[in-house]
Structure formats: C-alpha cells, structure tokens
Amino acid sequence: MNYFTRSTIITPLTRIRRERMLPGGGEVIAKIGQEVTPTLIVARMAGKMNFEIVPVCKLLRITQEELSERLLIRRGDAVKLGTPLVGKAGFGRKSFDSPVDGVLYAIVNGRLVFQQAAQYIELRALAKGRVVNRVANRGVVLEINGSRIQAVWDSGKEGFGVIHTAGTTAVAPLTPVQLEGEVNNRILVTGKITQADVLEQAEQAGISGLIAGSIAAQLLPAARAAGYPIFVTDGFGEHGMNPEIFQLMQQSEARDVALFKSPPNQSGIRPEIIIPLEAVPGEDILPAGRPLAVGQPVRIMRQPFDNQTGVVVNLRQRAQITPIGSRAYGADVELSDGQVVFAPFANLDAII
Amino acid sequence: MITDELMTDTSTEPAADAAAETPPNTPPKSFLIANCGSVNTTVALFDAAADSYRLVACVTVPTTAAEPWSNIHLGIQEAVAQIAAITGRMLMNQRGDLIRPARISGTGVDAFAAVVSAAPPLNTILVGLYEKVSLASARRALNSAYARELDAFSLADTRGESEQIGSIIQNQPDLIFVAGGANGGAEERLLQLIDTIQIGALALSDVKRPRVLFAGNKALRERIRTTLGENIHLHVAENVRPSLDSENLADAGQIVNELYEALKIKSLPGIQDVSEWSGFPLQPTAQALADITTYFAALQNGRVMAVDLGANHITLVDAVPENRTRLCIQSNMGMGQPIANVLNKKPLSDILRWLPSPMDAEKALDFIHNKALYPQTIPMTEPELRLEQAIAREALRDAMAEMCASWDNGRATMPLNLLLIAGQTLTAAPRPSQALLLLLDVLRPTGIFAAAMDVYGVLPGLGALAVHEPLAAVQSLEGGALLDLGWVVAPMGKGQPGQTALHIVMESEESQRLEVEVEYGTIETLPLAPGRSAKVTLQPTRRFDVGFGPGKEKQVTIHGGAVGLVIDARGRPLNLPADDEVRQALLRQWLWGVGG
C-alpha cells in the first residue's frame, strides 16, 4: 500500500520552473526564450482602478437617445478636465465639458463612466533565468537552475537580494547586534525571530528581506506590516530552522536569492526561496508527492517530537494506539539522536 | 482469484459482454462512495451480504487536489487500491480504471458515487437594500452552500459608486448575489446598484467575470436582464424576501449550490476522471449530509441535528419532519487552514478557558497558527489534544451563534431526538465521550436524545447514495455504518450546586438495577453497552424538567452505545468559573463524568 504525506523540497541544485503570474489579466512583456534578470519586468497590469461617473443625462435633462446623438467622444477616448463631451444642438441646448480626467470606459443608462489613470502593477522576474512559457495575458513560466527551498509562510511580499547569514546556529534568534554590520540590501537568514523591535530595526538597517526558521505567532501583525518580505521555513514558535536549510544558506553566503511568495487563492503552491546557480543540474530530483518509503528523510510536525528530523525505518501496516489513546497509521522514524519513535503519517513531512 | 482474463482491461468491455456476466435489470449490489474533503478523502465499499447492505471496508487517505499532486482522482485511486488489498477484491484494472459493473467472479463494483467539499468556496459579493432585511435573507441563503462573503453593498454603504466598482474588480468574485425589494416594492434604488454591478462586472475579463444571481423583486427581472445584457450571465431565483414577514431561501440556495458545483467542483484538477467513474452527479458534501439528516428526521419523526466540524467548513443541519431542513455552512471556519480565523472574533482567553490544565498563551497561539500551516496533523500529546478540542468548542460556538440567529425560534425550542456527529476532530477523538461532551458544551441541548457518530466518514456519501439507491443507504445505516454513542438526558432548570436535579433508576436484563442521584452542576455517565437496552425512570426534582413538565416523572426505554447514558445536569447556560484553578478542576471533573 502507498502512504502519501506532505513533502518539502530542500535541494541544493535542481531545475526549477516557477510561474510569475499577475493577479488578473494584463500585458505579458517577456518573450519565450528570453533570458531574464531579477529586475526585469515580465508582465504588468493596471492596478487599483478608479472610476468617476458623470450623470450627464440627469445634469442636462436629456434622454439617453439625445445623449447618443450629441456625444462628442467614443468609448476608449481619453479626455481631460474641460474637454467637450456633449455638443450644443440647437437654441437653448447646453453643451457639457468633462469635469474629470480619464478614459471613457462605458456609457450606462445615461451616465458616462470614466476610468482614471491607474497605477500599474509590474511583475519582475526576481531571479536570473529563462522564460520557457507564456500564460495567456497573465504571466510567464521561468526556468531557473539553482537551489530550491520550500517555505511554509510568507508575509505577503516578495523580493530578491544577496544572502547574509546572521547568527551562527540554526536556532539562534535575530538580535540587534547582527543588524549593525553591512546588511543594507541583504536578505538576512536567521534561526528564529522572537522580538518585534528587531523587525523594525531591520527595516531601518535597509535589509531587502528576512528568512527565518521560525517566528513567534504573536509577531505576525508586525511581520505583515514590515516593509520587506519575511519568509518562514519551518513554522511558528521558537524551534528555529531545519539544520539542513541553515547549512544550505550558510553555503550560499553572498549569493543572489529570490523570495517568491505564495500566490493568493492558489491552494498548495508554497512560498519558495530560490538561489540561482550557473551550474546545470544532473538528474532531476524525484517528484514531490510520491509515496513514503523506508529511507526517506522526514521532519515530524507535532509534539512530542516537534520539528525533529530523522529517517523512516519502518512503515507500519496496522494502525497503532498513540499515547493519548487514539489510533493512527504511521511509521517508525529514527531521529538524528538515534532514538526510534512512532509518528503518524499525518504528522510527517518528507524532505525531498 | 485473479486470472489472466481479469488482468486485461475489462472496464470498457461492450455492454453485451457485461450483460453476459450480470443478469439484465438487476439492481446494483455494490457501491464505492468517496467523500472528498479539503484534507482527507474517505472511500467506502458497501455490498450486499446475506440480503442486506453492509459497510465492507473503508479507507482514508490525504486529499490530492492541491500541490504537489494537483489531481483529486489520484487519492481516490489510492484509497480504492487499499480497499482492494484489504478485501482481496480486485476493483481496478491495471490502468487504474474502475471495473464496472461487478463481475460474477467478485471483481469490480456496480456503482461509484462521490461527494465533494474539497473545492474552494464561491467568492461572493452580496447586494441588497437593507442590511437586516434583504441582505440578511441573502446571507442565510448563501449559508446553505460553500460560499464566502467578500463584500456587501446596501443603502447603508457609505462608499461611493466608484469604490463599489473597485471592490468588484479587486475582489474578482465568482458570484454577485442580489436581493432586495419586496415584490411590488422599491425599484429604483436597486436598479442603481445593478448599474454599479454591470460596470464592475464588465470591467473584468470574460474568464473572471462573475455570475449574477437575482433573487429579489420579481417585477424587476426583465429590466435587470436588459441592463446586464448578454455579456453577464444572469441567474434568477424566487425572491428571498417576498414580503417583510416571509422568507423563501430554497430556490436561491439551490442555485448557489448548483453554481458551486459548476464553477468550483468542476474546476478541481482531476475531477473529470472522478465524474467519469461516477454513475451519479457529484454532490456538495453538505447537501448530501442535509439529505441524510432529513431522512433521519422522517425516520425518527422528530428533530435531528447534524454537526460536521470539517477542516475548512463547519456544517450544521437541523431537520424536522414535514418541514424544510435548515442547512448552514460556515466556509471560513474549520480545524484546518482557517483555524486561526477563530481569533478574529474572540480573544485567545476564550479558548484557553476550556483547558483542564494551564497552558502558556504564546505556545497556544503558536500551535493555532502551526495547525493552519499543517492542517492534516493530529495530536499526539494530551495538551495538544485538549487545545484542539478547546479551539473546536469556540469555533463551533461561533458558528452556532451565527446560524441559530437565523433559525426560527419555534424550531430552536423543539426537543431533539438525535444528534449526528461528523468531522475528524470529533470522530477521531481518543474517546467518543470527549466528542459528545464537546458538543454538549457547545450546543447545550435539553431533553432526551440519542447520539451517533460517523466514525467511518460515510454519512454524507450515504446521503448521496440514498437519493438513487435508498434501500442500500437505509440498510447500510441499520447495519452499523454509524457508531451509536448512547443517549443523553439533559434536564432544563436551575438549582444550587449540590442540590439533586434528577433521580434515575436504570433497569436492564443484563445488569443489576442502578439508582443514581444526579446533582445540579454535574455530568454523569451510566454504562450501557451497545446492543443492550434498559428501562430508565427519570424523576426530576420540582425545579427540573426532562421535557414533560417540571418535576414530572417519565419512563423511557433506551439503547446502549459506546458512551452509555449521559445525564447532563450542568444547567443552561454553562457557567465557567473565572478562577483558573477552580475552572480547570471543574473541567476535569466534567471530563471524568463522561469517562475521560
């Protein structure tokens, strides 16, 4: 029988395909085959649109039919304040000039709807790579060779920068002292975030982003409000970062890194930390989502072995009685300290 | 026994060949039913044995709709493979296709059905005139489907039209639900809102353009159809509020459910393969649960409530015979990814007060947010179990408060006959008594009623099956598809702690006569095993009422269950002491009272 569990990709070198998608329809600028850099705009769309509605028929006391005869502009025409909209038609019939700037978007029941100049959302590549596909008018698919780490939470922002590992261990917290060095435009890597004031100090220090193993849940409002992206690799609490991830980060010191946030409303696509590399990957990694097997490295996600890593040594065929009296199917896992423990499949995260 | 013949692809054999194996016009005898939830998928095999349908095997696997699988069918196939391994019965061919119909040799299955709640909810903007009239009715209709309210426009909305248009464009709703105007009532204000909707909807591309459901003043239907034009897909339902004093939610609720099926279920990756397996239309899980609860109400000739505490939804069904069943779904609450939403409505202390022992507030907060990240995980320690159950209490309390506000008062005071319990947090509790206590804490029902638990996750699936194969569903239920928990006696009334609320005498053939005095403020359990019955004489003291009048004695025959006979004399409402130590001791005492 096959047992499926959650999985997390942590790999030093692989071929990555990542979508860069606008939240809505827009304009795709990059072309298939194009080499991209982090700052290159690959797509854009109108952002928050403002509309002004001018009730012309009501103001001029004319019918919709008369409006259509006297209207001097057409849908899609740009106007400025004072642009004539409605012409005179005979003695006593008033003209009407535009009270707004904008583009005539629609004529609805005797009202002119003007769309005002919108800000644009510009989607940047964030990483060095190549466009391998375009997705309608929504975005592109980038192919990037490099390290790939799936995170579990992001603060709603994304970005790129140069890696700098603050602290020396995977469980060390970010402290103000670590912000006193050359951290401007860096993506800091730390074991955990335990204090709100450190987040503010980091922003003042000009960092480009923060990667932490864990963050105290009570700091979530401050994290979301920070002006830079914050990515969490392991979860909420004080357990710090998976040592494998921390080691990979240390080895990637001074390299470029891209932080891709989780797309909104898309189930299952996680935030990712991608470190582009020049090296070409050999064999592709085995796909995520394959059945659990003996020998699979795993992380346990619940107490009493919360965030401990190990290797699957046995897949139990029958449900086991847990310490609290419930029944669960699971596996025996040999932890890094040599202890062999039972963990339900539901509580295992296969590390790929 | 597997032979070479069976190893070939038999799923597409011509009808003539199938007919040669299965006599014509013979009703199906075996069913596979899948319940595809947000986190877990349960597949169950039902078959006829000794002329009666039975649950044969049941497997639960992770739902594979999301990354990294992005194919809901994969999980169902895995579950079917596990059922095949358990039963020794080949159900799929080498290609992974379901073998249908069942062969005389025993391979295959006659039919497959699925209920689905794994799809994301319908994102909806509500539009109406008055918050407490048309919008309130629209909300109640929306609550009968997996839908989420993103925004609401009404006369009370202080935003200008351009901001409302901006909301439609920013939110990109799947549906704009318009209600308003009693038949023959105000028209122009509603039509102005329709103009706004038209502008906003047309601003979105064809792919993102929302559907519009109009369930208001019927005199406006044609004008609205003309205003919205051909480029906006309009659905029309009966007015949800034809007059100030009347409400009609069924038609609009049905259309919302149909839109959920069409726009959300059918968009799940891999769902097409599931549809091809299924001989019946895929159904929203909550709708199927409502159907089976309605059946129970007719069977019991009394009020039946079903509670499904899911990962991404909380579903409450309240059914009475010869009346419309009320179905209420909270799509932004559950024990999975939305678990932290409970903190949007109440402080953490409201959750912590249900813990029988102290817990650090920061650790509790970390736990809640981690559970949102890892919704599939299960507790392995006592503190985490108690915390999950505490969260469940507050999430259910909140859902109940919102839902009960919309239910008519007459129904709320009707005695309860049966309580149906579903959802993994409840059904996988180490002891079923813990789940029953949790619901007694939240629902606070009174009277005498039975309780049953959907431990196998098959109740909604049987609801879907019952529509097409009622006999199979009925016999499967009678054959033990649900776990009988026993009965609950919850007297109404108030007294002093220590004062006797109820005197009980329980007599059964298998055990000696039991006489118990139950004090006010306590909860007790008398053992009565499944399959046993007992004659119980209930003698409430004069301030207490078990449903037949204050102080009125009643004799009833009850049947046993996994918990037994629970007497909940804690009074209504429950008062939790403010002092931490006193409260925790009381909670431990209550837990002991139902068996721990």
# chains A, B, ... in the order shown; residues from 1 in each chain; ligands from 1

$ interface_residues --of "chain B" --to "chain A" --cutoff "6 Å" --atoms "only C-alpha atoms" --output "ChimeraX atom specification"
/B:66-69,162,366,370,376-377,430

$ atom_distance --atom1 "CA of Arg532 (chain B)" --atom2 "CA of Ser476 (chain B)"
20.2 Å

$ closest_residue --among "B:Ala34, B:Leu526, B:Leu202, B:Ala473" --to "Ala113 (chain B)" --atoms "only C-alpha atoms"
B:Ala34

$ select_by_dssp --residues "region 62-162 of chain A" --states "strand (DSSP E)" --output "number ranges by chain"
A: 78-79, 84-86, 96-97, 102-108, 111-115, 120-124, 129-135, 139-150, 153-154, 159-162

$ atom_distance --atom1 "CA of Gly227 (chain A)" --atom2 "CA of Ala170 (chain A)"
24.4 Å

$ residues_around --residues "region 173-186 of chain A" --least-positions-apart "4" --cutoff "9 Å" --atoms "only C-alpha atoms" --output "tab-separated table (two decimals) with N, CA and C atoms, in the first residue's frame"
chain	number	residue	atom	x	y	z
A	160	PHE	N	14.17	40.16	-3.80
A	160	PHE	CA	15.42	39.48	-4.11
A	160	PHE	C	16.56	40.28	-3.47
A	161	GLY	N	17.70	39.62	-3.36
A	161	GLY	CA	18.84	40.30	-2.77
A	161	GLY	C	20.02	39.35	-2.65
A	162	VAL	N	20.91	39.68	-1.74
A	162	VAL	CA	22.11	38.87	-1.53
A	162	VAL	C	22.02	38.24	-0.15
A	163	ILE	N	22.32	36.96	-0.07
A	163	ILE	CA	22.18	36.23	1.20
A	163	ILE	C	23.26	36.67	2.18
A	164	HIS	N	22.81	36.88	3.41
A	164	HIS	CA	23.75	37.07	4.51
A	164	HIS	C	23.22	36.31	5.72
A	166	ALA	N	22.89	35.69	9.35
A	166	ALA	CA	23.10	36.34	10.65
A	166	ALA	C	23.10	35.23	11.70
A	167	GLY	N	23.97	35.30	12.65
A	167	GLY	CA	23.99	34.24	13.66
A	167	GLY	C	24.75	33.03	13.15
A	169	THR	N	24.08	29.65	14.41
A	169	THR	CA	23.39	28.37	14.53
A	169	THR	C	21.97	28.49	14.00
A	190	THR	N	18.19	33.86	9.47
A	190	THR	CA	18.31	33.70	10.91
A	190	THR	C	17.55	32.47	11.38
A	191	GLY	N	17.91	31.97	12.55
A	191	GLY	CA	17.22	30.79	13.06
A	191	GLY	C	15.79	31.08	13.43
A	192	LYS	N	15.60	32.17	14.18
A	192	LYS	CA	14.25	32.48	14.62
A	192	LYS	C	14.11	33.96	14.92
A	193	ILE	N	12.86	34.40	14.91
A	193	ILE	CA	12.54	35.78	15.25
A	193	ILE	C	11.67	35.74	16.50
A	194	THR	N	12.16	36.39	17.55
A	194	THR	CA	11.43	36.33	18.81
A	194	THR	C	11.04	37.71	19.34
A	195	GLN	N	11.52	38.77	18.70
A	195	GLN	CA	11.23	40.11	19.21
A	195	GLN	C	10.72	41.00	18.09
A	197	ASP	N	10.81	44.38	18.02
A	197	ASP	CA	11.63	45.56	17.75
A	197	ASP	C	12.76	45.23	16.77
A	198	VAL	N	13.16	43.99	16.73
A	198	VAL	CA	14.21	43.59	15.79
A	198	VAL	C	13.72	43.76	14.35
A	199	LEU	N	12.44	43.51	14.14
A	199	LEU	CA	11.88	43.65	12.78
A	199	LEU	C	11.96	45.10	12.33
A	201	GLN	N	14.00	47.41	13.54
A	201	GLN	CA	15.41	47.79	13.38
A	201	GLN	C	15.97	47.26	12.07
A	202	ALA	N	15.51	46.08	11.69
A	202	ALA	CA	15.99	45.51	10.42
A	202	ALA	C	15.54	46.38	9.25
A	205	ALA	N	17.67	49.33	9.07
A	205	ALA	CA	19.00	48.97	8.58
A	205	ALA	C	19.02	48.75	7.06
A	206	GLY	N	17.84	48.73	6.44
A	206	GLY	CA	17.77	48.67	4.98
A	206	GLY	C	17.89	47.29	4.39
A	207	ILE	N	17.51	46.26	5.16
A	207	ILE	CA	17.61	44.91	4.58
A	207	ILE	C	16.57	44.76	3.47
A	208	SER	N	16.80	43.79	2.58
A	208	SER	CA	15.87	43.54	1.48
A	208	SER	C	14.89	42.44	1.80
A	209	GLY	N	15.19	41.66	2.83
A	209	GLY	CA	14.28	40.58	3.20
A	209	GLY	C	14.83	39.80	4.36
A	210	LEU	N	14.02	38.90	4.88
A	210	LEU	CA	14.40	38.12	6.05
A	210	LEU	C	13.89	36.69	5.87
A	212	ALA	N	13.61	33.26	8.08
A	212	ALA	CA	13.76	32.72	9.43
A	212	ALA	C	13.22	31.30	9.47
A	238	GLU	N	9.53	28.71	18.64
A	238	GLU	CA	10.93	29.04	18.94
A	238	GLU	C	11.88	27.93	18.54
A	240	GLY	N	13.40	27.30	15.71
A	240	GLY	CA	14.48	27.61	14.79
A	240	GLY	C	14.34	26.93	13.44
A	254	ALA	N	26.48	35.24	0.37
A	254	ALA	CA	26.84	36.23	-0.66
A	254	ALA	C	26.27	35.91	-2.04

$ residues_around --residues "Ala578 (chain B)" --least-positions-apart "4" --cutoff "12 Å" --atoms "only C-alpha atoms" --output "ChimeraX atom specification"
/B:349-350,352-354,582-586

$ residues_around --residues "Asn344 (chain B)" --least-positions-apart "4" --cutoff "12 Å" --atoms "only C-alpha atoms" --output "ChimeraX atom specification"
/B:332-333,338-340,348,350,394-395,398

$ residues_around --residues "Leu482 (chain B)" --least-positions-apart "3" --cutoff "8 Å" --atoms "only C-alpha atoms" --output "PyMOL selection string"
chain B and resi 452-456+459+477

$ write_last_selection --atoms "N, CA and C atoms" --output "compact mmCIF listing (two decimals), in the first residue's frame"
# COMPACT_ATOMS: atom_id res chain seq x y z
N ALA B 452 -25.16 9.67 17.69
CA ALA B 452 -24.44 8.70 16.87
C ALA B 452 -23.31 9.42 16.15
N MET B 453 -22.23 8.70 15.91
CA MET B 453 -21.03 9.31 15.35
C MET B 453 -20.65 8.66 14.02
N ASP B 454 -20.26 9.47 13.08
CA ASP B 454 -19.87 9.00 11.75
C ASP B 454 -18.37 8.68 11.76
N VAL B 455 -18.02 7.60 12.46
CA VAL B 455 -16.60 7.28 12.64
C VAL B 455 -15.91 6.89 11.34
N TYR B 456 -16.68 6.42 10.38
CA TYR B 456 -16.08 5.98 9.12
C TYR B 456 -16.13 7.05 8.04
N LEU B 459 -21.28 9.16 6.24
CA LEU B 459 -22.65 9.69 6.33
C LEU B 459 -23.05 10.54 5.11
N LEU B 477 -27.02 1.88 6.99
CA LEU B 477 -27.10 2.58 8.28
C LEU B 477 -27.54 1.64 9.38

$ select_by_dssp --residues "region 165-340 of chain A" --states "alpha helix (DSSP H)" --output "list in words"
Ala196, Asp197, Val198, Leu199, Glu200, Gln201, Ala202, Glu203, Gln204, Leu220, Pro221, Ala222, Ala223, Arg224, Ala225, Pro243, Glu244, Ile245, Phe246, Gln247, Leu248, Met249, Gln250 and Gln251 of chain A

$ write_last_selection --atoms "C-alpha atoms" --output "PDB file, in the first residue's frame"
ATOM      1  CA  ALA A 196       9.122  42.709  17.402  1.00  0.00           C
ATOM      2  CA  ASP A 197      11.635  45.556  17.748  1.00  0.00           C
ATOM      3  CA  VAL A 198      14.211  43.594  15.786  1.00  0.00           C
ATOM      4  CA  LEU A 199      11.876  43.652  12.783  1.00  0.00           C
ATOM      5  CA  GLU A 200      11.681  47.420  12.921  1.00  0.00           C
ATOM      6  CA  GLN A 201      15.414  47.787  13.385  1.00  0.00           C
ATOM      7  CA  ALA A 202      15.987  45.509  10.423  1.00  0.00           C
ATOM      8  CA  GLU A 203      13.844  47.769   8.275  1.00  0.00           C
ATOM      9  CA  GLN A 204      15.795  50.802   9.395  1.00  0.00           C
ATOM     10  CA  LEU A 220       2.588  38.084  12.871  1.00  0.00           C
ATOM     11  CA  PRO A 221       0.993  41.547  12.750  1.00  0.00           C
ATOM     12  CA  ALA A 222       4.428  43.193  12.939  1.00  0.00           C
ATOM     13  CA  ALA A 223       5.792  40.787  10.323  1.00  0.00           C
ATOM     14  CA  ARG A 224       2.977  41.526   7.892  1.00  0.00           C
ATOM     15  CA  ALA A 225       3.475  45.266   8.418  1.00  0.00           C
ATOM     16  CA  PRO A 243      19.632  22.394  10.134  1.00  0.00           C
ATOM     17  CA  GLU A 244      19.714  21.217   6.514  1.00  0.00           C
ATOM     18  CA  ILE A 245      18.218  24.506   5.330  1.00  0.00           C
ATOM     19  CA  PHE A 246      20.511  26.553   7.551  1.00  0.00           C
ATOM     20  CA  GLN A 247      23.546  24.737   6.243  1.00  0.00           C
ATOM     21  CA  LEU A 248      22.477  25.340   2.653  1.00  0.00           C
ATOM     22  CA  MET A 249      22.050  29.017   3.452  1.00  0.00           C
ATOM     23  CA  GLN A 250      25.473  29.245   5.028  1.00  0.00           C
ATOM     24  CA  GLN A 251      26.987  27.617   1.956  1.00  0.00           C
TER      25      GLN A 251
END

$ residues_around --residues "Gly571 (chain B)" --least-positions-apart "5" --cutoff "10 Å" --atoms "only C-alpha atoms" --output "MDAnalysis selection string"
chainID B and resid 444 446 490:495 501 520:523 544

$ write_last_selection --atoms "N, CA and C atoms" --output "JSON list (two decimals), in the first residue's frame"
[["chain", "number", "residue", "atom", "x", "y", "z"],
["B", 444, "ARG", "N", -25.58, 22.76, 23.87],
["B", 444, "ARG", "CA", -26.38, 22.90, 25.09],
["B", 444, "ARG", "C", -27.83, 22.47, 24.86],
["B", 446, "THR", "N", -31.31, 20.33, 25.41],
["B", 446, "THR", "CA", -32.00, 19.84, 26.59],
["B", 446, "THR", "C", -32.96, 18.73, 26.16],
["B", 490, "ALA", "N", -30.70, 15.67, 29.42],
["B", 490, "ALA", "CA", -30.22, 17.00, 29.84],
["B", 490, "ALA", "C", -31.43, 17.78, 30.36],
["B", 491, "PRO", "N", -31.65, 17.76, 31.66],
["B", 491, "PRO", "CA", -32.83, 18.45, 32.18],
["B", 491, "PRO", "C", -32.68, 19.96, 32.13],
["B", 492, "MET", "N", -33.82, 20.62, 31.91],
["B", 492, "MET", "CA", -33.87, 22.08, 31.99],
["B", 492, "MET", "C", -34.11, 22.47, 33.44],
["B", 493, "GLY", "N", -33.59, 23.63, 33.79],
["B", 493, "GLY", "CA", -33.84, 24.11, 35.15],
["B", 493, "GLY", "C", -32.57, 24.61, 35.81],
["B", 494, "LYS", "N", -32.78, 25.32, 36.89],
["B", 494, "LYS", "CA", -31.64, 25.86, 37.64],
["B", 494, "LYS", "C", -31.78, 25.47, 39.10],
["B", 495, "GLY", "N", -30.62, 25.29, 39.70],
["B", 495, "GLY", "CA", -30.63, 24.96, 41.12],
["B", 495, "GLY", "C", -29.35, 25.40, 41.77],
["B", 501, "ALA", "N", -30.84, 17.22, 41.12],
["B", 501, "ALA", "CA", -31.62, 17.64, 39.96],
["B", 501, "ALA", "C", -32.50, 16.51, 39.46],
["B", 520, "TYR", "N", -27.23, 18.90, 40.62],
["B", 520, "TYR", "CA", -27.15, 20.04, 39.71],
["B", 520, "TYR", "C", -25.69, 20.48, 39.58],
["B", 521, "GLY", "N", -25.30, 20.81, 38.37],
["B", 521, "GLY", "CA", -23.93, 21.25, 38.13],
["B", 521, "GLY", "C", -22.99, 20.13, 37.74],
["B", 522, "THR", "N", -23.51, 18.89, 37.67],
["B", 522, "THR", "CA", -22.63, 17.76, 37.36],
["B", 522, "THR", "C", -23.08, 17.09, 36.07],
["B", 523, "ILE", "N", -22.19, 16.24, 35.58],
["B", 523, "ILE", "CA", -22.49, 15.40, 34.43],
["B", 523, "ILE", "C", -22.04, 14.00, 34.78],
["B", 544, "PHE", "N", -36.82, 20.99, 37.99],
["B", 544, "PHE", "CA", -36.17, 20.50, 36.78],
["B", 544, "PHE", "C", -37.18, 19.76, 35.90]]

$ atom_distance --atom1 "CA of Gln317 (chain A)" --atom2 "CA of Ile76 (chain B)"
19.4 Å
